file run_22.txt (compact mmCIF, C-alpha atoms)
# COMPACT_ATOMS: atom_id res chain seq x y z
CA MET A 1 163.46 213.99 102.93
CA ILE A 2 164.30 214.58 99.26
CA ARG A 3 166.41 217.60 100.19
CA GLN A 4 168.23 215.50 102.78
CA VAL A 5 168.92 212.70 100.26
CA THR A 6 170.09 215.25 97.72
CA ARG A 7 172.54 216.69 100.25
CA LEU A 8 173.80 213.17 101.00
CA LEU A 9 174.26 212.41 97.31
CA CYS A 10 176.13 215.64 96.74
CA ALA A 11 178.30 215.05 99.78
CA ALA A 12 179.01 211.51 98.59
CA ALA A 13 180.01 212.81 95.18
CA ILE A 14 182.42 215.31 96.74
CA VAL A 15 183.95 212.68 99.03
CA PHE A 16 184.32 210.22 96.16
CA ALA A 17 186.01 212.82 94.00
CA THR A 18 188.67 213.40 96.63
CA ILE A 19 189.50 209.72 97.28
CA PRO A 20 192.88 208.85 95.74
CA PHE A 21 193.32 205.67 93.75
CA ALA A 22 195.85 203.14 94.99
CA GLY A 23 198.33 201.36 92.80
CA ALA A 24 200.58 202.54 90.03
CA ALA A 25 200.64 200.12 87.10
CA VAL A 26 196.93 199.22 87.22
CA LYS A 27 194.18 201.67 88.04
CA ALA A 28 192.40 200.63 91.25
CA ASP A 29 188.66 200.10 91.43
CA THR A 30 186.53 202.63 93.27
CA ALA A 31 187.10 202.89 97.02
CA GLU A 32 183.37 203.41 97.55
CA LEU A 33 180.44 201.83 95.69
CA ARG A 34 177.27 203.91 96.10
CA ILE A 35 174.16 201.76 95.74
CA VAL A 36 170.61 203.10 95.70
CA ARG A 37 167.73 201.02 96.96
CA GLN A 38 164.06 201.91 97.08
CA TYR A 39 161.12 200.58 99.08
CA GLY A 40 159.69 197.12 99.63
CA LEU A 41 160.70 193.48 99.81
CA ALA A 42 162.15 193.68 96.30
CA PHE A 43 165.17 195.34 97.90
CA LEU A 44 165.76 192.67 100.54
CA PRO A 45 168.89 191.45 98.66
CA PHE A 46 170.55 194.83 99.22
CA MET A 47 169.60 194.73 102.89
CA VAL A 48 171.10 191.25 103.20
CA MET A 49 174.23 192.35 101.35
CA ASP A 50 174.57 195.24 103.79
CA VAL A 51 174.05 193.28 107.01
CA GLU A 52 175.98 190.17 105.99
CA LYS A 53 178.81 192.18 104.36
CA LEU A 54 178.51 190.12 101.19
CA TYR A 55 179.95 192.75 98.86
CA GLU A 56 182.95 193.29 101.12
CA LYS A 57 183.66 189.55 101.14
CA ARG A 58 183.54 189.26 97.36
CA ALA A 59 185.62 192.40 96.90
CA ALA A 60 188.30 191.00 99.20
CA GLU A 61 188.36 187.76 97.18
CA LEU A 62 189.01 189.81 94.05
CA GLY A 63 191.82 191.71 95.75
CA ILE A 64 190.24 195.17 95.94
CA GLN A 65 189.67 197.42 98.92
CA THR A 66 186.27 198.97 98.54
CA ARG A 67 183.19 199.49 100.65
CA PRO A 68 179.51 199.86 99.73
CA VAL A 69 177.33 202.80 100.71
CA TYR A 70 173.62 202.02 100.61
CA MET A 71 171.11 204.85 100.33
CA THR A 72 167.36 205.02 99.81
CA LEU A 73 165.68 207.16 97.17
CA GLY A 74 161.99 206.76 96.31
CA SER A 75 161.69 208.53 92.95
CA ASN A 76 162.70 206.67 89.78
CA THR A 77 163.40 209.97 88.05
CA ALA A 78 165.71 211.10 90.84
CA VAL A 79 167.44 207.69 90.81
CA ASN A 80 168.15 207.85 87.08
CA GLU A 81 169.40 211.43 87.28
CA ALA A 82 171.70 210.55 90.18
CA LEU A 83 173.24 207.69 88.18
CA ILE A 84 173.79 209.73 85.02
CA SER A 85 175.32 212.57 87.03
CA GLY A 86 177.72 210.17 88.75
CA SER A 87 176.39 210.90 92.24
CA VAL A 88 175.60 207.19 92.65
CA ASN A 89 176.98 204.10 90.95
CA ILE A 90 174.34 201.36 90.97
CA VAL A 91 170.58 201.83 90.79
CA THR A 92 167.45 199.82 90.09
CA ASN A 93 164.35 200.35 88.03
CA GLY A 94 161.57 198.27 86.54
CA PRO A 95 162.09 196.93 83.01
CA PRO A 96 160.12 199.80 81.37
CA GLY A 97 162.15 202.50 83.11
CA PHE A 98 165.37 200.59 82.51
CA LEU A 99 164.61 200.19 78.81
CA THR A 100 163.76 203.87 78.52
CA VAL A 101 167.08 204.96 80.03
CA TRP A 102 168.99 202.37 77.98
CA SER A 103 167.37 203.58 74.76
CA ARG A 104 168.06 207.25 75.51
CA THR A 105 171.69 206.73 76.50
CA ARG A 106 172.73 204.01 74.04
CA GLY A 107 175.96 204.95 72.31
CA SER A 108 176.50 208.06 74.43
CA SER A 109 179.06 208.80 77.13
CA SER A 110 176.38 208.09 79.75
CA GLU A 111 175.23 204.76 78.28
CA ILE A 112 173.79 202.34 80.83
CA LYS A 113 173.47 198.56 80.85
CA GLY A 114 171.90 196.02 83.17
CA ILE A 115 173.94 193.97 85.60
CA ALA A 116 171.17 191.51 86.49
CA SER A 117 167.59 191.11 87.59
CA MET A 118 166.98 191.94 91.24
CA VAL A 119 163.68 190.10 91.64
CA SER A 120 160.64 188.73 89.87
CA GLN A 121 157.50 189.24 91.93
CA SER A 122 153.77 189.67 91.87
CA SER A 123 152.35 193.16 91.79
CA GLY A 124 148.75 194.20 91.94
CA LEU A 125 146.24 197.00 91.66
CA ASN A 126 144.33 197.42 94.94
CA THR A 127 141.34 199.67 95.51
CA ARG A 128 139.20 200.64 98.49
CA ASP A 129 136.21 201.50 96.29
CA PRO A 130 133.61 198.69 96.45
CA LYS A 131 132.12 199.81 93.12
CA VAL A 132 135.38 199.14 91.27
CA LYS A 133 135.60 195.50 90.20
CA SER A 134 137.84 195.98 87.17
CA ILE A 135 139.76 198.76 85.44
CA ARG A 136 136.63 199.41 83.36
CA ASP A 137 134.90 200.75 86.48
CA PHE A 138 137.28 203.66 87.13
CA THR A 139 135.77 207.11 86.62
CA ASP A 140 137.45 210.42 85.87
CA ALA A 141 137.32 211.20 89.60
CA ASP A 142 139.42 208.19 90.61
CA ARG A 143 143.15 208.52 91.17
CA ILE A 144 145.56 205.57 91.03
CA ALA A 145 148.84 205.88 92.92
CA LEU A 146 151.94 204.30 91.38
CA SER A 147 155.66 204.88 91.60
CA ALA A 148 155.97 207.01 88.44
CA ILE A 149 153.43 207.93 85.79
CA LYS A 150 153.83 206.65 82.22
CA VAL A 151 157.25 204.96 82.60
CA SER A 152 157.23 202.88 85.81
CA LEU A 153 156.53 199.17 85.78
CA PRO A 154 153.03 199.58 87.30
CA ALA A 155 152.26 202.35 84.80
CA ILE A 156 153.22 200.20 81.81
CA ILE A 157 151.36 197.14 83.13
CA LEU A 158 148.29 199.35 83.56
CA GLN A 159 148.69 200.54 79.96
CA MET A 160 149.01 196.95 78.77
CA ALA A 161 145.83 196.05 80.66
CA ALA A 162 144.03 199.06 79.16
CA ALA A 163 145.15 198.04 75.66
CA LYS A 164 143.63 194.59 76.21
CA GLU A 165 140.44 195.96 77.74
CA PHE A 166 139.75 198.98 75.52
CA GLY A 167 141.84 198.31 72.40
CA GLN A 168 145.46 199.23 71.71
CA ALA A 169 144.58 202.71 70.50
CA ASN A 170 143.29 203.40 74.01
CA TYR A 171 146.33 202.06 75.87
CA ALA A 172 146.78 205.42 77.66
CA ARG A 173 143.14 205.74 78.69
CA LEU A 174 143.92 205.50 82.42
CA ASP A 175 147.10 207.60 82.37
CA LYS A 176 145.09 210.67 83.38
CA ASN A 177 144.02 208.85 86.52
CA THR A 178 147.56 208.07 87.71
CA VAL A 179 149.56 209.95 90.32
CA SER A 180 153.27 209.50 91.12
CA LEU A 181 153.84 208.53 94.76
CA SER A 182 156.37 206.34 96.55
CA HIS A 183 154.96 202.97 97.59
CA PRO A 184 154.69 203.94 101.30
CA ASP A 185 152.98 207.25 100.48
CA GLY A 186 150.64 205.64 97.96
CA MET A 187 149.61 203.03 100.51
CA SER A 188 149.05 205.61 103.23
CA MET A 189 146.96 207.92 101.07
CA MET A 190 144.87 205.11 99.60
CA LEU A 191 144.11 203.58 103.00
CA ASN A 192 143.26 206.75 104.90
CA GLY A 193 140.27 207.38 102.64
CA LYS A 194 140.58 211.15 102.98
CA THR A 195 142.12 211.86 99.58
CA GLU A 196 141.18 211.28 95.97
CA ILE A 197 143.59 208.34 95.85
CA SER A 198 141.21 205.37 95.65
CA ALA A 199 143.61 202.77 94.20
CA HIS A 200 147.27 201.80 94.40
CA PHE A 201 149.34 199.67 92.00
CA THR A 202 152.07 198.23 94.21
CA SER A 203 154.11 195.23 95.30
CA PRO A 204 154.91 193.27 98.50
CA PRO A 205 154.73 194.04 101.34
CA PHE A 206 152.52 197.07 100.58
CA LEU A 207 150.19 194.93 98.48
CA ASN A 208 149.74 192.56 101.40
CA ILE A 209 149.43 195.24 104.08
CA GLU A 210 146.67 196.98 102.12
CA LEU A 211 144.66 193.77 101.78
CA LYS A 212 144.46 193.53 105.57
CA THR A 213 142.18 196.56 105.56
CA PRO A 214 138.49 195.62 105.27
CA GLY A 215 137.08 196.55 101.89
CA VAL A 216 140.40 196.71 100.05
CA HIS A 217 140.54 194.26 97.16
CA THR A 218 142.77 193.46 94.18
CA ILE A 219 141.32 194.00 90.71
CA LEU A 220 144.39 193.29 88.57
CA THR A 221 147.68 191.39 88.93
CA SER A 222 150.89 191.49 86.95
CA GLU A 223 150.59 187.77 86.18
CA GLN A 224 147.21 188.31 84.54
CA VAL A 225 148.67 190.94 82.24
CA MET A 226 152.11 189.44 81.60
CA GLY A 227 151.02 185.82 81.33
CA GLY A 228 153.26 184.65 84.16
CA PRO A 229 156.18 185.77 86.35
CA SER A 230 158.07 188.87 85.26
CA THR A 231 161.03 190.89 86.46
CA TRP A 232 160.05 193.67 88.83
CA SER A 233 163.41 195.37 89.17
CA ILE A 234 166.67 195.46 87.19
CA VAL A 235 170.03 196.50 88.64
CA PHE A 236 172.14 198.66 86.34
CA THR A 237 175.07 201.04 86.07
CA THR A 238 176.81 203.06 83.39
CA VAL A 239 179.10 201.39 80.87
CA LYS A 240 181.82 203.86 81.78
CA PHE A 241 181.67 203.07 85.48
CA LYS A 242 181.72 199.35 84.82
CA ASN A 243 184.70 199.66 82.46
CA ASP A 244 186.58 201.82 84.98
CA ASN A 245 185.71 199.51 87.91
CA PRO A 246 185.41 195.96 86.54
CA LYS A 247 186.26 194.16 89.77
CA ALA A 248 183.89 196.29 91.83
CA ILE A 249 180.99 195.44 89.51
CA GLN A 250 181.99 191.78 89.37
CA ALA A 251 182.08 191.68 93.17
CA PHE A 252 178.66 193.32 93.29
CA PHE A 253 177.18 190.77 90.86
CA LEU A 254 178.60 187.86 92.85
CA ALA A 255 177.37 189.37 96.11
CA LEU A 256 173.88 189.86 94.69
CA GLY A 257 173.77 186.18 93.77
CA ASP A 258 174.99 185.33 97.27
CA ALA A 259 172.16 187.42 98.74
CA HIS A 260 169.58 185.59 96.63
CA LYS A 261 170.88 182.23 97.86
CA PHE A 262 170.97 183.47 101.45
CA ILE A 263 167.33 184.57 101.36
CA LYS A 264 166.13 181.29 99.88
CA ALA A 265 168.03 179.25 102.45
CA ASN A 266 167.34 181.46 105.49
CA HIS A 267 163.78 182.82 105.42
CA GLU A 268 163.67 183.59 109.13
CA ARG A 269 167.01 185.42 109.20
CA ALA A 270 166.08 187.25 105.99
CA ALA A 271 162.75 188.32 107.52
CA ASP A 272 164.54 189.68 110.57
CA ILE A 273 166.95 191.63 108.38
CA TYR A 274 164.07 193.14 106.42
CA LEU A 275 162.18 194.22 109.52
CA ALA A 276 165.32 195.73 111.05
CA SER A 277 166.38 197.47 107.83
CA SER A 278 163.12 198.73 106.35
CA LYS A 279 161.28 201.80 107.57
CA GLU A 280 157.86 201.18 106.03
CA GLY A 281 156.12 199.65 109.04
CA GLY A 282 152.75 197.92 109.15
CA VAL A 283 154.06 194.47 108.28
CA SER A 284 154.65 191.65 110.78
CA ARG A 285 157.32 188.98 110.82
CA GLU A 286 154.64 186.45 109.96
CA ASP A 287 153.64 188.56 106.95
CA VAL A 288 157.19 188.63 105.65
CA LEU A 289 157.72 184.91 106.17
CA LYS A 290 154.49 184.15 104.30
CA ILE A 291 155.49 186.33 101.36
CA LEU A 292 158.95 184.74 101.21
CA SER A 293 157.45 181.25 101.08
CA ASP A 294 154.22 181.58 99.07
CA GLY A 295 155.85 181.85 95.64
CA SER A 296 154.80 185.44 94.98
CA ILE A 297 158.39 186.66 95.05
CA ASP A 298 161.45 185.10 93.44
CA TYR A 299 164.92 186.52 94.01
CA THR A 300 166.61 185.66 90.74
CA LEU A 301 169.34 187.09 88.52
CA VAL A 302 167.42 186.02 85.39
CA PRO A 303 165.67 188.85 83.48
CA GLN A 304 162.10 187.80 82.66
CA LYS A 305 159.63 189.29 80.14
CA VAL A 306 161.99 192.14 79.23
CA MET A 307 161.12 191.84 75.54
CA THR A 308 157.39 191.70 76.32
CA TYR A 309 157.71 195.18 77.80
CA ALA A 310 159.98 196.36 74.98
CA ASN A 311 157.66 195.17 72.21
CA PHE A 312 154.59 196.77 73.80
CA MET A 313 156.34 200.09 74.33
CA ARG A 314 157.57 200.06 70.72
CA ASP A 315 154.10 199.19 69.41
CA VAL A 316 152.45 202.11 71.21
CA GLY A 317 155.28 204.50 70.37
CA THR A 318 156.69 205.15 73.84
CA LEU A 319 160.01 203.45 73.08
CA LYS A 320 161.52 204.31 69.71
CA SER A 321 164.49 201.97 69.91
CA ILE A 322 164.24 198.47 71.35
CA PRO A 323 166.94 195.82 71.78
CA LYS A 324 167.28 193.10 69.16
CA ASP A 325 166.93 190.61 72.03
CA TRP A 326 166.85 190.70 75.84
CA LYS A 327 170.64 190.26 76.08
CA GLU A 328 171.60 193.43 74.23
CA PRO A 329 170.96 195.91 77.08
CA PHE A 330 172.75 193.73 79.66
CA PHE A 331 176.41 193.19 80.55
CA GLU A 332 177.99 189.77 80.15
CA TYR A 333 177.15 188.58 83.67
CA VAL A 334 173.70 187.22 82.75
CA GLN A 335 174.25 186.45 79.07
CA ASN A 336 174.25 182.68 79.67
CA LEU A 337 171.04 182.66 81.73
CA PRO A 338 167.61 181.65 80.30
CA GLY A 339 166.13 185.15 80.15
CA ASP A 340 163.50 186.51 77.81
call {"tool": "encode", "arguments": {"input": "run_22.txt", "output": "structure tokens"}}
result
Amino acid sequence: MIRQVTRLLCAAAIVFATIPFAGAAVKADTAELRIVRQYGLAFLPFMVMDVEKLYEKRAAELGIQTRPVYMTLGSNTAVNEALISGSVNIVTNGPPGFLTVWSRTRGSSSEIKGIASMVSQSSGLNTRDPKVKSIRDFTDADRIALSAIKVSLPAIILQMAAAKEFGQANYARLDKNTVSLSHPDGMSMMLNGKTEISAHFTSPPFLNIELKTPGVHTILTSEQVMGGPSTWSIVFTTVKFKNDNPKAIQAFFLALGDAHKFIKANHERAADIYLASSKEGGVSREDVLKILSDGSIDYTLVPQKVMTYANFMRDVGTLKSIPKDWKEPFFEYVQNLPGD
């Protein structure tokens, strides 16, 4: 699968490089906007944008001829590398991963900045081990699946929980127990009971699907650690690409907001789009409708708790340079919103 995606990304890069720009006096925006999505309900806005042609509508309003290409890639590391290399144009990552890439690229030719929040949602640490009632009960033999060790949102939340439970000096105590797996693979391996994966830190709908299995229970939630709702995923691009393609990025931002409004106003249609577009399986229409209406997921452009992540990562030494405020690593599109 990874080899196939890599071939697609390379092919897309070659095609993009050969597409001529239209216009003479003013450089045209990109003829193709390559957008990477990952797994889960967090990426429903991209699915809605795809099916409802929301980006195309906004692009037409701004007078540019461009089309989106949506692709799925499960590894945060691969996503970041694809963006920096120019193989893709817009990607997502949790606030910790986003801040890490922003810090590393700030002031360079590959500098990145955030366009907006994709979603704020609940996430949780599930386990099938009846002996594990809290993170204090994990042994050296336990393995916790999450999307990327040390830098992903679940990894940082787990570190924050460990710092509270064992003292800040021991924030990395559970890092040795973590294993990088995509959300679908982590769910599958945790549920089958035949591997050392006994727990999974994940998000809807995987969180909900796992809890349908007898014996699986949640021992930690993101709200408990963060003190309330927090951004799960941030959408970002490089400063260079945004400067070269201002209308394309503006159209994308407007279309993302349109997708958020569509989902909130059309739960049933949005659920159908998710089920038709996603490949994860194991979730019913009723499951999706419940998640969309129970308050555990909020499709919003507003970045939430970004500085909470930044301050923790600075305090434990995993992020050397942090923004002066939440607005600094974002483009102007969300500057007037009540983020934190």
call {"tool": "residues_around", "arguments": {"input": "run_22.txt", "residues": "A:Thr178", "least_positions_apart": "5", "cutoff": "9 Å", "atoms": "all atoms listed in the file", "output": "number ranges by chain"}}
result
A: 142-146, 148-150, 155
call {"tool": "residues_around", "arguments": {"input": "run_22.txt", "residues": "A:Gly228", "least_positions_apart": "6", "cutoff": "10 Å", "atoms": "all atoms listed in the file", "output": "list in words"}}
result
Gln121, Ser122, Thr221, Ser222, Gln304 and Lys305 of chain A
call {"tool": "write_last_selection", "arguments": {"input": "run_22.txt", "atoms": "C-alpha atoms", "output": "short mmCIF file (atom, residue, chain, number, x, y, z; two decimals), in the coordinates of the input"}}
result
data_model
loop_
_atom_site.label_atom_id
_atom_site.label_comp_id
_atom_site.auth_asym_id
_atom_site.auth_seq_id
_atom_site.Cartn_x
_atom_site.Cartn_y
_atom_site.Cartn_z
CA GLN A 121 157.50 189.24 91.93
CA SER A 122 153.77 189.67 91.87
CA THR A 221 147.68 191.39 88.93
CA SER A 222 150.89 191.49 86.95
CA GLN A 304 162.10 187.80 82.66
CA LYS A 305 159.63 189.29 80.14
#
call {"tool": "atom_distance", "arguments": {"input": "run_22.txt", "atom1": "atom CA of A:Phe98", "atom2": "atom CA of A:Ile234"}}
result
7.1 Å
call {"tool": "closest_residue", "arguments": {"input": "run_22.txt", "among": "A:Pro229, A:Pro338, A:Gly63, A:Gly107", "to": "A:Val119", "atoms": "all atoms listed in the file"}}
result
A:Pro229
call {"tool": "closest_residue", "arguments": {"input": "run_22.txt", "among": "A:Leu125, A:Ala59, A:Met160, A:Leu337", "to": "A:Met187", "atoms": "all atoms listed in the file"}}
result
A:Leu125
call {"tool": "residues_around", "arguments": {"input": "run_22.txt", "residues": "A:Ala141", "least_positions_apart": "5", "cutoff": "10 Å", "atoms": "all atoms listed in the file", "output": "compact mmCIF listing (two decimals) with C-alpha atoms, keeping the file's coordinate frame"}}
result
# COMPACT_ATOMS: atom_id res chain seq x y z
CA LYS A 176 145.09 210.67 83.38
CA ASN A 177 144.02 208.85 86.52
CA GLU A 196 141.18 211.28 95.97
CA ILE A 197 143.59 208.34 95.85
CA SER A 198 141.21 205.37 95.65
call {"tool": "atom_distance", "arguments": {"input": "run_22.txt", "atom1": "atom CA of A:Val334", "atom2": "atom CA of A:Ala116"}}
result
6.2 Å
call {"tool": "atom_distance", "arguments": {"input": "run_22.txt", "atom1": "atom CA of A:Lys131", "atom2": "atom CA of A:Glu210"}}
result
17.3 Å
call {"tool": "closest_residue", "arguments": {"input": "run_22.txt", "among": "A:Lys212, A:Arg67, A:Lys247, A:His183", "to": "A:Leu41", "atoms": "all atoms listed in the file"}}
result
A:His183
call {"tool": "closest_residue", "arguments": {"input": "run_22.txt", "among": "A:Leu54, A:Ile115, A:Leu44, A:Val36", "to": "A:Gln250", "atoms": "all atoms listed in the file"}}
result
A:Ile115
call {"tool": "closest_residue", "arguments": {"input": "run_22.txt", "among": "A:Leu211, A:Leu99, A:Arg37, A:Glu56", "to": "A:Leu73", "atoms": "all atoms listed in the file"}}
result
A:Arg37
call {"tool": "residues_around", "arguments": {"input": "run_22.txt", "residues": "A:Thr77", "least_positions_apart": "4", "cutoff": "12 Å", "atoms": "all atoms listed in the file", "output": "PyMOL selection string"}}
result
chain A and resi 73+81-84+91-94+97-98+100-101+147-152+180-182
call {"tool": "residues_near_point", "arguments": {"input": "run_22.txt", "point": "(187.3, 201.2, 92.4)", "cutoff": "7 Å", "atoms": "all atoms listed in the file", "output": "number ranges by chain"}}
result
A: 28-32, 66, 245, 248
call {"tool": "closest_residue", "arguments": {"input": "run_22.txt", "among": "A:Phe166, A:Ala255, A:Gly215, A:Thr202", "to": "A:Asp50", "atoms": "all atoms listed in the file"}}
result
A:Ala255
call {"tool": "residues_around", "arguments": {"input": "run_22.txt", "residues": "A:Lys264", "least_positions_apart": "2", "cutoff": "12 Å", "atoms": "all atoms listed in the file", "output": "list in words"}}
result
Leu44, Pro45, Val48, Gly257, Asp258, Ala259, His260, Lys261, Phe262, Asn266, His267, Glu268, Arg269, Ala270, Ala271, Leu289, Ile291, Leu292, Ser293, Asp294, Gly295, Ile297, Asp298, Tyr299 and Thr300 of chain A
call {"tool": "build_atoms", "arguments": {"input": "run_22.txt", "residues": "stretch 246-262 of chain A", "atoms": "N, CA and C atoms", "output": "PDB file, in the frame of the given file"}}
result
ATOM      1  N   PRO A 246     185.909 197.296  86.876  1.00  0.00           N
ATOM      2  CA  PRO A 246     185.410 195.960  86.540  1.00  0.00           C
ATOM      3  C   PRO A 246     185.320 195.009  87.721  1.00  0.00           C
ATOM      4  N   LYS A 247     186.295 195.069  88.618  1.00  0.00           N
ATOM      5  CA  LYS A 247     186.260 194.160  89.770  1.00  0.00           C
ATOM      6  C   LYS A 247     185.170 194.546  90.761  1.00  0.00           C
ATOM      7  N   ALA A 248     184.949 195.837  90.916  1.00  0.00           N
ATOM      8  CA  ALA A 248     183.890 196.290  91.830  1.00  0.00           C
ATOM      9  C   ALA A 248     182.527 195.806  91.346  1.00  0.00           C
ATOM     10  N   ILE A 249     182.268 195.888  90.043  1.00  0.00           N
ATOM     11  CA  ILE A 249     180.990 195.440  89.510  1.00  0.00           C
ATOM     12  C   ILE A 249     180.892 193.916  89.542  1.00  0.00           C
ATOM     13  N   GLN A 250     181.996 193.244  89.267  1.00  0.00           N
ATOM     14  CA  GLN A 250     181.990 191.780  89.370  1.00  0.00           C
ATOM     15  C   GLN A 250     181.693 191.350  90.796  1.00  0.00           C
ATOM     16  N   ALA A 251     182.332 192.000  91.760  1.00  0.00           N
ATOM     17  CA  ALA A 251     182.080 191.680  93.170  1.00  0.00           C
ATOM     18  C   ALA A 251     180.629 191.930  93.537  1.00  0.00           C
ATOM     19  N   PHE A 252     180.064 193.017  93.013  1.00  0.00           N
ATOM     20  CA  PHE A 252     178.660 193.320  93.290  1.00  0.00           C
ATOM     21  C   PHE A 252     177.757 192.219  92.730  1.00  0.00           C
ATOM     22  N   PHE A 253     178.005 191.813  91.479  1.00  0.00           N
ATOM     23  CA  PHE A 253     177.180 190.770  90.860  1.00  0.00           C
ATOM     24  C   PHE A 253     177.246 189.478  91.666  1.00  0.00           C
ATOM     25  N   LEU A 254     178.446 189.079  92.057  1.00  0.00           N
ATOM     26  CA  LEU A 254     178.600 187.860  92.850  1.00  0.00           C
ATOM     27  C   LEU A 254     177.903 187.982  94.193  1.00  0.00           C
ATOM     28  N   ALA A 255     178.001 189.150  94.812  1.00  0.00           N
ATOM     29  CA  ALA A 255     177.370 189.370  96.110  1.00  0.00           C
ATOM     30  C   ALA A 255     175.853 189.355  96.003  1.00  0.00           C
ATOM     31  N   LEU A 256     175.325 189.893  94.905  1.00  0.00           N
ATOM     32  CA  LEU A 256     173.880 189.860  94.690  1.00  0.00           C
ATOM     33  C   LEU A 256     173.389 188.423  94.580  1.00  0.00           C
ATOM     34  N   GLY A 257     174.115 187.599  93.846  1.00  0.00           N
ATOM     35  CA  GLY A 257     173.770 186.180  93.770  1.00  0.00           C
ATOM     36  C   GLY A 257     173.858 185.503  95.129  1.00  0.00           C
ATOM     37  N   ASP A 258     174.866 185.875  95.922  1.00  0.00           N
ATOM     38  CA  ASP A 258     174.990 185.330  97.270  1.00  0.00           C
ATOM     39  C   ASP A 258     173.780 185.719  98.122  1.00  0.00           C
ATOM     40  N   ALA A 259     173.312 186.956  97.966  1.00  0.00           N
ATOM     41  CA  ALA A 259     172.160 187.420  98.740  1.00  0.00           C
ATOM     42  C   ALA A 259     170.905 186.641  98.365  1.00  0.00           C
ATOM     43  N   HIS A 260     170.728 186.381  97.076  1.00  0.00           N
ATOM     44  CA  HIS A 260     169.580 185.590  96.630  1.00  0.00           C
ATOM     45  C   HIS A 260     169.606 184.210  97.283  1.00  0.00           C
ATOM     46  N   LYS A 261     170.761 183.568  97.271  1.00  0.00           N
ATOM     47  CA  LYS A 261     170.880 182.230  97.860  1.00  0.00           C
ATOM     48  C   LYS A 261     170.638 182.279  99.364  1.00  0.00           C
ATOM     49  N   PHE A 262     171.143 183.317 100.007  1.00  0.00           N
ATOM     50  CA  PHE A 262     170.970 183.470 101.450  1.00  0.00           C
ATOM     51  C   PHE A 262     169.484 183.561 101.796  1.00  0.00           C
TER      52      PHE A 262
END
